[in-house]
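Participant: Okay, here's the structure, questions in a sec.
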Amino acid sequence: MDKHYNFQEIEKKWQQKWADEKIYQVQEQTDKPKYYVLEMFPYPSGNLHMGHVRNYSIGDVVARFKHMQGYNVLHPMGWDSFGLPAENAAIKHGVFPRDWTLSNIDNMRSQLQSLGLSYDWNREVATCLPEYYKWTQWLFLQLYKHGLAYKKHAAVNWCPSCATVLANEQVVDGHCERCDAVVEKKDLDQWFFKITDYAQRLLDDLTKLPGWPEKVKTMQHNWIGRSEGVEAIFKTEAGEDLPVFTTRVDTIFGVTYMVLAPEHPMVTKLTKGTEYEQSVREFIRKVQKLSNIDRTSGNLEKEGMFIGAYAINPVNGQKVPIWITNYVLMDYGTGAVMGVPSHDERDFDFAHKYNLPIIRVIAQDEQSADEPLTEAYTEIGVLVNSGQFNGLTNKPDAINAIAKWLEEKGLGKKVINYRLRDWLISRQRYWGAPIPMVYCEKCGMQPVPEEDLPIMLPTDVEFLPFGESPLKTSPSFGAATCPCCGGPATREMDTMDTFMCSSWYYMRYCDAHNDQAPWDKAKTDYWLSVDQYIGGVEHAILHLMYSRFFTKAMYDFGLISVEEPFTNLLTQGMVLKDGTKMSKSLGNVVSPEEIIDKYGADTARLFILFAAPPERDLEWNDSAVEGCYRFLNRIWKLVLNIYDRTDYTDSELTPEDCDLRRVVHMTLKKVTADISERFNFNTAISAMMELVNAMSAYKGNNGAMLKDAAEKLLIMLSPFAPHIADELWQLTNHSNTVYNTPWPAYNEAFLQQNEVEIAVQVNGKLKARLTIPTGLDKAAAEAHVRALPDFAKWLGDKQAVKVIIVPDKLVNIVVK
RNA sequence: GCGGACGUGGCGGAAUUGGCAGACGCACCAGACUUAGGAUCUGGCGAGCAAUCGUGAGGGUUCAAGUCCCUCCGUCCGCACCA
């Protein structure tokens with residue numbers, strides 16, 4: 001027998017065996033509770049990084065543990081495999097996106113397999129394959145049929161250097177994420193999903209997610225940005241409606257000007273043919289130029305100009321000048337804002353700069369109505385200079401009263417605004433799922449019939465660095481037949497945002513090879529929701545919000561039976577080196593392959609789980625990795641020695657035997673709790689280290705006791721380091737794999753000790769430690785302490801006025 | 001500016017319900033074994049000669065505070081003219 005811990009051989013052997021015996025494949029089973037563990041699937045960049053290793057190691061511990069606890073565990077893996085990098089590789093190196101992507105997948109799959117993860121590879125999906133994107137397109141059609149997908153003209157982010165459209169999330173502070181060029185706006189016809197229809201439900205249902213981190217829920221809450229207010233209809237002098245949205249309708253008598261977003265359609269209308277036309281046009285051009293970076297940055301100097309027109313205030317008929325500014329956004333509210341300098345800080349600054357009048361309409365009391373303001377008054381107060389509403393408390397009385405009055409007169413209404421915008425899903429790219437729509441000259445826009453799916457990506461395309469979708473270079477793709485009249489039609493040339501593909505993959509895993517439907521409802525009914533989802537916090541809003549929206553829409557269509565996709569969410573921290581994120585440019589990247597080659601997957605997994613709790617950032621440390629390697633080597637030798645020894649004399653249990661047994665069961669208790677209740681794998685591992693220390697230090701001679709300890713150690717170790725656990729399991733005369741061994745329960749009776757060490761304190765300061773029999777009552781414990789030789793010394797000339805006793809923990813003498 | 005998280009030895013971290021601060025590991029030191037040690041094993045390891053002092057700083061509550069309350073400082077993250 002080779003007694004050396006040859007991890008390379010062992011890991012290869014067991015990975016092969018697990019795959020051959022298909023031990024990780026699962027079916028629906030009614031006699032067991034199900035448990036769905038999912039880690040966010042990766043983009044197949046070609047190489048695994050430490051962040052992946054961390055993500056998947058965490059998931060694997062949970063999956064293996066739950067399986068051993070008797071759950072029917074679904075633990076799948078796949079590839080988020082559409083996306084821009086494949087297209088860039090095509091432009092740069094002339095490789096076809098599909099070939100590039102599939103070879104990356106092959107490479108990353110074998111890297112993942114070298115980690116020994118318990119995936120059911122039979123359910124593997126790749127979003128870029130027609131078997132998958134057929135159903136992405138089918139789901140698009142369902143959304144379209146239910147009125148949740150629509151097309152409109154919109155301004156999108158355009159990177160002139162990459163010559164392509166960028167998703168919002170690829171724009172960082174107004175710059176292109178990849179090349180750092182300043183992103184421009186470009187007007188294009190775009191497809192949107194009406195996620196705003198679900199704004200309220202997405203917000204409300206956050207309260208139904210106690211298993212999500214508060215941080216993520218707060219971020220989504222802010223992103224949705226619910227705001228209750230009033231839409232008040234101002235009018236132009238010509239009598240046209242000019243509605244504004246305000247949360248402060250109580251200040252409407254203080255309006256001294258109105259501001260429009262430069263893009264507001266009324267601006268050109270109101271200035272056409274006037275002396276202002278030219279200068280307004282220049283102002284708009286200037287604002288739009290810096291709109292991307294500065295307009296949303298917060299430090300922007302407020303600028304504006306009068307456009308020569310006036311608006312009529314609905315509450316008092318007053319005529320106020322209309323301005324345009326760089327700080328009003330077209331896509332929030334109505335793109336028009338009432339200016340109340342007396343009670344809004346921004347308006348106050350603006351009015352100051354341009355000498356606009358300031359009228360106070362809220363004051364601490366009615367007597368101070370005309371006190372001059374040196375800054376905007378934003379506190380609670382009573383209304384003044386507000387006609388019939390004078391004297392009302394502004395919030396909520398005046399707001400309600402004025403809203404009601406406006407509503408009765410048909411001059412406004414209460415509305416709820418959301419910051420959340422509809423989800424722009426079209427991309428002028430090749431490597432995505434084609435949007436299944438055609439355009440007929442006679443019948444207009446038509447959805448592709450479901451039986452014609454998938455609309456396949458053509459291969460006769462050219463990848464040129466010009467920005468137009470490569471799909472447009474395909475001679476075969478564009479021509480289609482109108483499903484309505486049978487006449488000639490052209491295809492939609494845009495593809496879908498890859499976030500669409502990742503919004504439903506967790507449903508597809510339930511029935512990955514179904515070619516009749518995206519999934520069989522009976523199967524999603526069995527598996528969904530995902531019980532534990534694990535991934536990076538960078539998806540806190542985008543992917544996680546889109547998936548929630550998708551789940552709700554699918555629920556409404558009757559396709560699934562759950563309204564939330566992920567019951568519990570764990571957001572793992574980053575893997576750092578030298579205090580910063582690993583990156584090629586900093587040269588501080590540690591490659592998983594390198595570590596696996598040098599120490600093995602078990603060591604890599606163990607280190608990454610031991611170095612920090614999962615939610616926190618983790619600092620990579622080469623010598624701490626060696627420490628984990630040493631730990632596995634110690635176990636290797638310890639366990640084999642236990643089984644090699646022949647000099648055992650199994651007799652009555654000695655106190656030493658009981659001590660060891662106690663440590664075993666304490667460890668079992670702690671490891672079980674740390675995995676299932678807290679996901680604190682670091683403390684679970686340190687508990688196992690303590691057990692190994694105790695086993696090494698054990699001087700007794702009870703073979704049964706030691707073998708039981710070794711057995712339980714291997715079981716507990718197996719979710720963390722499955723290869724070495726299985727190898728030792730086999731070498732110690734066990735059949736099968738630890739994976740199919742039930743997780744043992746600890747025995748409460750074995751945790752009992754005869755004696756405990758308690759703390760002896762005087763006024764809360766530790767004076768001594770004392771060993772006494774367990775379970776002593778308070779009086780007896782106190783007697784032990786009073787009998788201590790130093791007791792009189794601690795008291796000095798003072799009196800013991802009180803004794804606090806925490807049984808089996810401490811005795812605290814309060815002296816005065 | 002607003003919101004959130006965090007701050008503990010030389011380092012990563014532990015202390016789960018207010019009850020012995022520093023578990024476990026790394027690094028370091030000493031010893032054993034050894035031709036050798038960057039292997040392995042054993043022991044030590046917050047500061048201080050000590051009494052004592054020690055969880056970012058200051059205050060408070062309590063018999064008792066890393067943990068609860070108040071004020072402040074620092075680091076990180078998210079949002080940032082949202083009317």
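All residue names refer to the structure tokens as shown: chains lettered A, B, ... in order, residues numbered from 1 in each chain, ligands numbered from 1 in order.
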List the spatial neighbours of B:C72 as a ChimeraX atom specification - criterion: any atom at most 12 Å away, only C-alpha atoms (C1' of nucleotides), same-chain residues fewer than 2 positions off excluded.
Facilitator: /B:56-59,70,74
Participant: Residues of the last selection are to be written out with N, CA, C and O atoms (P, O5', C5', C4', C3', O3' and C1' of nucleotides), as a PDB file, in the first residue's frame.
Facilitator:
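File produced: selection-v3.pdb:
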ATOM      1  P     G B  56     -11.658  47.927  18.467  1.00  0.00           P
ATOM      2  O5'   G B  56     -10.761  49.242  18.450  1.00  0.00           O
ATOM      3  C5'   G B  56      -9.509  49.256  17.766  1.00  0.00           C
ATOM      4  C4'   G B  56      -9.128  50.667  17.445  1.00  0.00           C
ATOM      5  C3'   G B  56      -9.530  51.687  18.507  1.00  0.00           C
ATOM      6  O3'   G B  56      -8.596  51.753  19.553  1.00  0.00           O
ATOM      7  C1'   G B  56     -10.218  52.446  16.386  1.00  0.00           C
ATOM      8  P     A B  57      -9.086  52.227  21.009  1.00  0.00           P
ATOM      9  O5'   A B  57      -9.397  53.773  20.773  1.00  0.00           O
ATOM     10  C5'   A B  57      -8.349  54.730  20.716  1.00  0.00           C
ATOM     11  C4'   A B  57      -8.919  56.121  20.859  1.00  0.00           C
ATOM     12  C3'   A B  57      -9.770  56.337  22.113  1.00  0.00           C
ATOM     13  O3'   A B  57      -8.982  56.645  23.243  1.00  0.00           O
ATOM     14  C1'   A B  57     -10.940  57.135  20.236  1.00  0.00           C
ATOM     15  P     G B  58      -9.494  56.208  24.711  1.00  0.00           P
ATOM     16  O5'   G B  58     -10.721  57.201  24.964  1.00  0.00           O
ATOM     17  C5'   G B  58     -10.479  58.597  25.145  1.00  0.00           C
ATOM     18  C4'   G B  58     -11.781  59.352  25.197  1.00  0.00           C
ATOM     19  C3'   G B  58     -12.778  58.892  26.241  1.00  0.00           C
ATOM     20  O3'   G B  58     -12.465  59.339  27.547  1.00  0.00           O
ATOM     21  C1'   G B  58     -13.904  59.236  24.206  1.00  0.00           C
ATOM     22  P     G B  59     -12.934  58.458  28.801  1.00  0.00           P
ATOM     23  O5'   G B  59     -14.523  58.521  28.716  1.00  0.00           O
ATOM     24  C5'   G B  59     -15.229  59.465  29.503  1.00  0.00           C
ATOM     25  C4'   G B  59     -16.653  59.600  29.044  1.00  0.00           C
ATOM     26  C3'   G B  59     -17.653  58.661  29.692  1.00  0.00           C
ATOM     27  O3'   G B  59     -17.959  59.015  31.026  1.00  0.00           O
ATOM     28  C1'   G B  59     -18.088  58.777  27.393  1.00  0.00           C
ATOM     29  P     C B  70     -27.502  54.921  19.986  1.00  0.00           P
ATOM     30  O5'   C B  70     -26.719  56.131  20.660  1.00  0.00           O
ATOM     31  C5'   C B  70     -27.431  57.196  21.284  1.00  0.00           C
ATOM     32  C4'   C B  70     -26.453  58.184  21.872  1.00  0.00           C
ATOM     33  C3'   C B  70     -25.421  58.734  20.896  1.00  0.00           C
ATOM     34  O3'   C B  70     -25.934  59.769  20.080  1.00  0.00           O
ATOM     35  C1'   C B  70     -24.354  58.119  22.911  1.00  0.00           C
ATOM     36  P     G B  74     -11.875  60.942   9.536  1.00  0.00           P
ATOM     37  O5'   G B  74     -11.359  59.450   9.306  1.00  0.00           O
ATOM     38  C5'   G B  74      -9.976  59.144   9.396  1.00  0.00           C
ATOM     39  C4'   G B  74      -9.778  57.656   9.355  1.00  0.00           C
ATOM     40  C3'   G B  74     -10.307  56.969   8.104  1.00  0.00           C
ATOM     41  O3'   G B  74      -9.423  57.089   7.014  1.00  0.00           O
ATOM     42  C1'   G B  74     -10.957  55.748  10.018  1.00  0.00           C
TER      43        G B  74
END
Participant: Please return, as a VMD selection string, all residues of stretch 122-288 of chain A that DSSP assigns to alpha helix (DSSP H) on the basis of the backbone.
Facilitator: chain A and resid 130 to 145 199 to 204 214 to 224 265 to 271 277 to 288
Participant: Please identify all residues of chain A having at least one atom at most 6 Å from any atom of chain B, considering only C-alpha atoms (C1' of nucleotides), and return them as an NGL selection string.
Facilitator: :A and (246 or 298 or 327 or 337 or 624 or 686 or 759 or 764 or 814)
Participant: Name all residues at most 6 Å from stretch 256-261 of chain A (count only C-alpha atoms (C1' of nucleotides); drop same-chain ones fewer than 5 positions away) and give them as a PyMOL selection string.
Facilitator: chain A and resi 320-324+328-330+335-339
Participant: I'd like to know which residues of stretch 103-312 of chain A are strand (DSSP E or B) (by DSSP, run on the backbone); could you write them as a PyMOL selection string?
Facilitator: chain A and resi 125-126+149-159+164-166+171-172+175-176+182+184-193+211+227-236+241-246+257-260+304-312
Participant: For A:Lys395, work out the shell of residues within 9 Å, counting only C-alpha atoms (C1' of nucleotides) and skipping chain neighbours fewer than 5 positions away, then give it as a list of chain:residue names.
Facilitator: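 Result of the neighbour search: A:Arg248, A:Asp250, A:Ile380, A:Gly381, A:Val382, A:Asn400.
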Participant: Mind dumping the selected residues with all heavy atoms as a PDB file, in the first residue's frame?
Facilitator:
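Saved as result_8.pdb:
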ATOM      1  N   ARG A 248     -43.665  67.380  -3.428  1.00  0.00           N
ATOM      2  CA  ARG A 248     -43.893  68.492  -2.495  1.00  0.00           C
ATOM      3  C   ARG A 248     -44.948  69.435  -3.026  1.00  0.00           C
ATOM      4  O   ARG A 248     -44.724  70.649  -3.156  1.00  0.00           O
ATOM      5  CB  ARG A 248     -42.574  69.242  -2.278  1.00  0.00           C
ATOM      6  CG  ARG A 248     -41.489  68.451  -1.565  1.00  0.00           C
ATOM      7  CD  ARG A 248     -41.879  68.067  -0.137  1.00  0.00           C
ATOM      8  NE  ARG A 248     -42.345  69.215   0.623  1.00  0.00           N
ATOM      9  CZ  ARG A 248     -41.553  70.073   1.252  1.00  0.00           C
ATOM     10  NH1 ARG A 248     -40.247  69.898   1.228  1.00  0.00           N
ATOM     11  NH2 ARG A 248     -42.061  71.082   1.922  1.00  0.00           N
ATOM     12  N   ASP A 250     -47.257  70.563  -1.518  1.00  0.00           N
ATOM     13  CA  ASP A 250     -47.540  71.561  -0.475  1.00  0.00           C
ATOM     14  C   ASP A 250     -46.838  72.887  -0.754  1.00  0.00           C
ATOM     15  O   ASP A 250     -47.212  73.916  -0.196  1.00  0.00           O
ATOM     16  CB  ASP A 250     -47.137  71.021   0.904  1.00  0.00           C
ATOM     17  CG  ASP A 250     -45.691  70.521   0.937  1.00  0.00           C
ATOM     18  OD1 ASP A 250     -45.286  69.818  -0.006  1.00  0.00           O
ATOM     19  OD2 ASP A 250     -44.961  70.848   1.889  1.00  0.00           O
ATOM     20  N   ILE A 380     -40.505  70.602   8.575  1.00  0.00           N
ATOM     21  CA  ILE A 380     -41.962  70.597   8.725  1.00  0.00           C
ATOM     22  C   ILE A 380     -42.411  72.003   9.138  1.00  0.00           C
ATOM     23  O   ILE A 380     -41.710  72.698   9.868  1.00  0.00           O
ATOM     24  CB  ILE A 380     -42.360  69.584   9.834  1.00  0.00           C
ATOM     25  CG1 ILE A 380     -42.012  68.161   9.421  1.00  0.00           C
ATOM     26  CG2 ILE A 380     -43.820  69.717  10.214  1.00  0.00           C
ATOM     27  CD1 ILE A 380     -42.986  67.508   8.491  1.00  0.00           C
ATOM     28  N   GLY A 381     -43.577  72.425   8.671  1.00  0.00           N
ATOM     29  CA  GLY A 381     -44.068  73.742   9.048  1.00  0.00           C
ATOM     30  C   GLY A 381     -45.525  73.912   8.641  1.00  0.00           C
ATOM     31  O   GLY A 381     -46.188  72.936   8.289  1.00  0.00           O
ATOM     32  N   VAL A 382     -45.994  75.151   8.701  1.00  0.00           N
ATOM     33  CA  VAL A 382     -47.378  75.421   8.275  1.00  0.00           C
ATOM     34  C   VAL A 382     -47.353  76.259   7.004  1.00  0.00           C
ATOM     35  O   VAL A 382     -46.401  76.992   6.744  1.00  0.00           O
ATOM     36  CB  VAL A 382     -48.194  76.165   9.358  1.00  0.00           C
ATOM     37  CG1 VAL A 382     -48.355  75.292  10.577  1.00  0.00           C
ATOM     38  CG2 VAL A 382     -47.552  77.497   9.707  1.00  0.00           C
ATOM     39  N   ASN A 400     -52.137  66.401   1.168  1.00  0.00           N
ATOM     40  CA  ASN A 400     -53.402  65.728   0.865  1.00  0.00           C
ATOM     41  C   ASN A 400     -54.466  66.696   0.398  1.00  0.00           C
ATOM     42  O   ASN A 400     -55.190  66.434  -0.558  1.00  0.00           O
ATOM     43  CB  ASN A 400     -53.899  64.960   2.095  1.00  0.00           C
ATOM     44  CG  ASN A 400     -53.025  63.737   2.363  1.00  0.00           C
ATOM     45  OD1 ASN A 400     -52.428  63.176   1.426  1.00  0.00           O
ATOM     46  ND2 ASN A 400     -52.932  63.341   3.614  1.00  0.00           N
TER      47      ASN A 400
END
Participant: In terms of the shortest atom-to-atom distance over only C-alpha atoms, which of A:Tyr119, A:Tyr71, A:Tyr430, A:Tyr36 is closest to A:Ser469?
Facilitator: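 Nearest to A:Ser469: A:Tyr430.
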Participant: For stretch 33-50 of chain B, list every protein, DNA or RNA residue within 8 Å, evaluated using only C-alpha atoms (C1' of nucleotides), and leave out those in the same chain fewer than 4 positions away; present the list as a list of chain:residue names.
Facilitator: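 My reading of the contact set: B:G9, B:G22, B:C29, B:G54.
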Participant: Residues near B:C68, anyone? I mean within 9 Å using only C-alpha atoms (C1' of nucleotides), not counting same-chain ones fewer than 3 positions away, as a ChimeraX atom specification.
Facilitator: /B:18,61,65
Participant: Provide the atom CA of A:Thr218 to atom CA of A:Glu563 distance in Å, to one decimal place.
Facilitator: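 Interatomic distance here is 19.5 Å.
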Participant: Name the closest residue to A:Asp189 among the candidates A:Lys17, A:His52, A:Arg508, A:Arg427; distances are taken between atoms, counting only C-alpha atoms.
Facilitator: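 Closest to A:Asp189, using only C-alpha atoms: A:Arg427.
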Participant: For A:Glu451, please output as a PDB file with all heavy atoms, in the first residue's frame all residues within 12 Å (counting only C-alpha atoms (C1' of nucleotides); exclusion window: fewer than 3 positions along the same chain).
Facilitator:
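Writing done, so here's around_32.pdb:
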ATOM      1  N   LYS A 134     -33.498  28.487 -28.335  1.00  0.00           N
ATOM      2  CA  LYS A 134     -34.840  28.286 -28.865  1.00  0.00           C
ATOM      3  C   LYS A 134     -35.873  28.700 -27.807  1.00  0.00           C
ATOM      4  O   LYS A 134     -36.856  29.372 -28.088  1.00  0.00           O
ATOM      5  CB  LYS A 134     -35.047  26.807 -29.206  1.00  0.00           C
ATOM      6  CG  LYS A 134     -36.484  26.459 -29.557  1.00  0.00           C
ATOM      7  CD  LYS A 134     -36.642  24.986 -29.902  1.00  0.00           C
ATOM      8  CE  LYS A 134     -38.110  24.708 -30.246  1.00  0.00           C
ATOM      9  NZ  LYS A 134     -38.317  23.323 -30.713  1.00  0.00           N
ATOM     10  N   TRP A 135     -35.610  28.296 -26.580  1.00  0.00           N
ATOM     11  CA  TRP A 135     -36.572  28.569 -25.498  1.00  0.00           C
ATOM     12  C   TRP A 135     -36.432  29.978 -24.955  1.00  0.00           C
ATOM     13  O   TRP A 135     -37.404  30.543 -24.441  1.00  0.00           O
ATOM     14  CB  TRP A 135     -36.456  27.499 -24.416  1.00  0.00           C
ATOM     15  CG  TRP A 135     -36.732  26.146 -24.991  1.00  0.00           C
ATOM     16  CD1 TRP A 135     -35.851  25.127 -25.187  1.00  0.00           C
ATOM     17  CD2 TRP A 135     -37.981  25.705 -25.549  1.00  0.00           C
ATOM     18  NE1 TRP A 135     -36.468  24.074 -25.804  1.00  0.00           N
ATOM     19  CE2 TRP A 135     -37.783  24.396 -26.048  1.00  0.00           C
ATOM     20  CE3 TRP A 135     -39.251  26.281 -25.679  1.00  0.00           C
ATOM     21  CZ2 TRP A 135     -38.793  23.661 -26.664  1.00  0.00           C
ATOM     22  CZ3 TRP A 135     -40.259  25.559 -26.284  1.00  0.00           C
ATOM     23  CH2 TRP A 135     -40.030  24.256 -26.774  1.00  0.00           C
ATOM     24  N   GLN A 137     -35.985  32.389 -26.946  1.00  0.00           N
ATOM     25  CA  GLN A 137     -36.834  33.069 -27.932  1.00  0.00           C
ATOM     26  C   GLN A 137     -38.313  32.793 -27.666  1.00  0.00           C
ATOM     27  O   GLN A 137     -39.156  33.688 -27.775  1.00  0.00           O
ATOM     28  CB  GLN A 137     -36.463  32.593 -29.348  1.00  0.00           C
ATOM     29  CG  GLN A 137     -35.074  33.067 -29.771  1.00  0.00           C
ATOM     30  CD  GLN A 137     -34.596  32.445 -31.071  1.00  0.00           C
ATOM     31  OE1 GLN A 137     -35.036  31.363 -31.467  1.00  0.00           O
ATOM     32  NE2 GLN A 137     -33.678  33.122 -31.742  1.00  0.00           N
ATOM     33  N   TRP A 138     -38.613  31.585 -27.287  1.00  0.00           N
ATOM     34  CA  TRP A 138     -39.996  31.220 -26.976  1.00  0.00           C
ATOM     35  C   TRP A 138     -40.515  32.061 -25.802  1.00  0.00           C
ATOM     36  O   TRP A 138     -41.634  32.566 -25.830  1.00  0.00           O
ATOM     37  CB  TRP A 138     -40.048  29.725 -26.631  1.00  0.00           C
ATOM     38  CG  TRP A 138     -41.429  29.174 -26.451  1.00  0.00           C
ATOM     39  CD1 TRP A 138     -42.262  28.679 -27.417  1.00  0.00           C
ATOM     40  CD2 TRP A 138     -42.148  29.047 -25.211  1.00  0.00           C
ATOM     41  NE1 TRP A 138     -43.435  28.249 -26.862  1.00  0.00           N
ATOM     42  CE2 TRP A 138     -43.398  28.461 -25.512  1.00  0.00           C
ATOM     43  CE3 TRP A 138     -41.850  29.358 -23.885  1.00  0.00           C
ATOM     44  CZ2 TRP A 138     -44.356  28.188 -24.535  1.00  0.00           C
ATOM     45  CZ3 TRP A 138     -42.813  29.090 -22.907  1.00  0.00           C
ATOM     46  CH2 TRP A 138     -44.036  28.507 -23.230  1.00  0.00           C
ATOM     47  N   LEU A 141     -41.368  35.467 -26.839  1.00  0.00           N
ATOM     48  CA  LEU A 141     -42.689  35.524 -27.474  1.00  0.00           C
ATOM     49  C   LEU A 141     -43.817  35.548 -26.437  1.00  0.00           C
ATOM     50  O   LEU A 141     -44.821  36.231 -26.620  1.00  0.00           O
ATOM     51  CB  LEU A 141     -42.881  34.335 -28.431  1.00  0.00           C
ATOM     52  CG  LEU A 141     -42.009  34.358 -29.692  1.00  0.00           C
ATOM     53  CD1 LEU A 141     -42.273  33.108 -30.538  1.00  0.00           C
ATOM     54  CD2 LEU A 141     -42.267  35.611 -30.533  1.00  0.00           C
ATOM     55  N   PRO A 436     -37.017  37.047 -32.051  1.00  0.00           N
ATOM     56  CA  PRO A 436     -37.847  36.362 -33.042  1.00  0.00           C
ATOM     57  C   PRO A 436     -39.004  37.224 -33.552  1.00  0.00           C
ATOM     58  O   PRO A 436     -40.170  36.942 -33.264  1.00  0.00           O
ATOM     59  CB  PRO A 436     -38.348  35.137 -32.273  1.00  0.00           C
ATOM     60  CG  PRO A 436     -38.429  35.593 -30.862  1.00  0.00           C
ATOM     61  CD  PRO A 436     -37.330  36.592 -30.670  1.00  0.00           C
ATOM     62  N   PRO A 447     -44.671  38.648 -34.738  1.00  0.00           N
ATOM     63  CA  PRO A 447     -43.852  37.665 -34.030  1.00  0.00           C
ATOM     64  C   PRO A 447     -43.684  36.400 -34.875  1.00  0.00           C
ATOM     65  O   PRO A 447     -44.588  36.029 -35.611  1.00  0.00           O
ATOM     66  CB  PRO A 447     -44.663  37.368 -32.769  1.00  0.00           C
ATOM     67  CG  PRO A 447     -46.064  37.724 -33.113  1.00  0.00           C
ATOM     68  CD  PRO A 447     -46.006  38.822 -34.141  1.00  0.00           C
ATOM     69  N   VAL A 448     -42.533  35.782 -34.746  1.00  0.00           N
ATOM     70  CA  VAL A 448     -42.289  34.518 -35.444  1.00  0.00           C
ATOM     71  C   VAL A 448     -43.148  33.434 -34.788  1.00  0.00           C
ATOM     72  O   VAL A 448     -43.211  33.373 -33.562  1.00  0.00           O
ATOM     73  CB  VAL A 448     -40.783  34.156 -35.332  1.00  0.00           C
ATOM     74  CG1 VAL A 448     -40.526  32.735 -35.833  1.00  0.00           C
ATOM     75  CG2 VAL A 448     -39.947  35.167 -36.095  1.00  0.00           C
ATOM     76  N   PRO A 454     -35.997  27.322 -33.317  1.00  0.00           N
ATOM     77  CA  PRO A 454     -35.283  28.583 -33.073  1.00  0.00           C
ATOM     78  C   PRO A 454     -34.982  29.362 -34.354  1.00  0.00           C
ATOM     79  O   PRO A 454     -34.850  28.746 -35.409  1.00  0.00           O
ATOM     80  CB  PRO A 454     -33.983  28.094 -32.452  1.00  0.00           C
ATOM     81  CG  PRO A 454     -33.743  26.768 -33.074  1.00  0.00           C
ATOM     82  CD  PRO A 454     -35.105  26.155 -33.276  1.00  0.00           C
ATOM     83  N   ILE A 455     -34.898  30.666 -34.226  1.00  0.00           N
ATOM     84  CA  ILE A 455     -34.297  31.466 -35.287  1.00  0.00           C
ATOM     85  C   ILE A 455     -32.793  31.331 -35.073  1.00  0.00           C
ATOM     86  O   ILE A 455     -32.249  31.827 -34.100  1.00  0.00           O
ATOM     87  CB  ILE A 455     -34.704  32.954 -35.189  1.00  0.00           C
ATOM     88  CG1 ILE A 455     -36.227  33.092 -35.252  1.00  0.00           C
ATOM     89  CG2 ILE A 455     -34.022  33.773 -36.274  1.00  0.00           C
ATOM     90  CD1 ILE A 455     -36.858  32.506 -36.512  1.00  0.00           C
ATOM     91  N   PRO A 483     -45.498  35.736 -41.390  1.00  0.00           N
ATOM     92  CA  PRO A 483     -46.373  34.672 -40.899  1.00  0.00           C
ATOM     93  C   PRO A 483     -47.850  35.015 -41.100  1.00  0.00           C
ATOM     94  O   PRO A 483     -48.710  34.144 -41.027  1.00  0.00           O
ATOM     95  CB  PRO A 483     -46.029  34.604 -39.412  1.00  0.00           C
ATOM     96  CG  PRO A 483     -45.440  35.913 -39.087  1.00  0.00           C
ATOM     97  CD  PRO A 483     -44.786  36.431 -40.319  1.00  0.00           C
ATOM     98  N   ASP A 515     -37.220  19.000 -25.318  1.00  0.00           N
ATOM     99  CA  ASP A 515     -37.267  19.677 -26.619  1.00  0.00           C
ATOM    100  C   ASP A 515     -38.698  20.008 -27.031  1.00  0.00           C
ATOM    101  O   ASP A 515     -38.946  20.443 -28.150  1.00  0.00           O
ATOM    102  CB  ASP A 515     -36.528  18.872 -27.698  1.00  0.00           C
ATOM    103  CG  ASP A 515     -37.094  17.473 -27.848  1.00  0.00           C
ATOM    104  OD1 ASP A 515     -38.095  17.155 -27.169  1.00  0.00           O
ATOM    105  OD2 ASP A 515     -36.526  16.704 -28.647  1.00  0.00           O
ATOM    106  N   GLN A 516     -39.640  19.796 -26.115  1.00  0.00           N
ATOM    107  CA  GLN A 516     -41.035  20.146 -26.396  1.00  0.00           C
ATOM    108  C   GLN A 516     -41.449  21.446 -25.712  1.00  0.00           C
ATOM    109  O   GLN A 516     -42.422  22.081 -26.123  1.00  0.00           O
ATOM    110  CB  GLN A 516     -41.974  19.028 -25.898  1.00  0.00           C
ATOM    111  CG  GLN A 516     -41.688  17.676 -26.526  1.00  0.00           C
ATOM    112  CD  GLN A 516     -41.824  17.704 -28.035  1.00  0.00           C
ATOM    113  OE1 GLN A 516     -42.832  18.195 -28.561  1.00  0.00           O
ATOM    114  NE2 GLN A 516     -40.796  17.244 -28.747  1.00  0.00           N
ATOM    115  N   ALA A 517     -40.749  21.789 -24.671  1.00  0.00           N
ATOM    116  CA  ALA A 517     -41.117  22.960 -23.863  1.00  0.00           C
ATOM    117  C   ALA A 517     -39.871  23.420 -23.121  1.00  0.00           C
ATOM    118  O   ALA A 517     -38.910  22.658 -23.000  1.00  0.00           O
ATOM    119  CB  ALA A 517     -42.206  22.573 -22.860  1.00  0.00           C
TER     120      ALA A 517
END
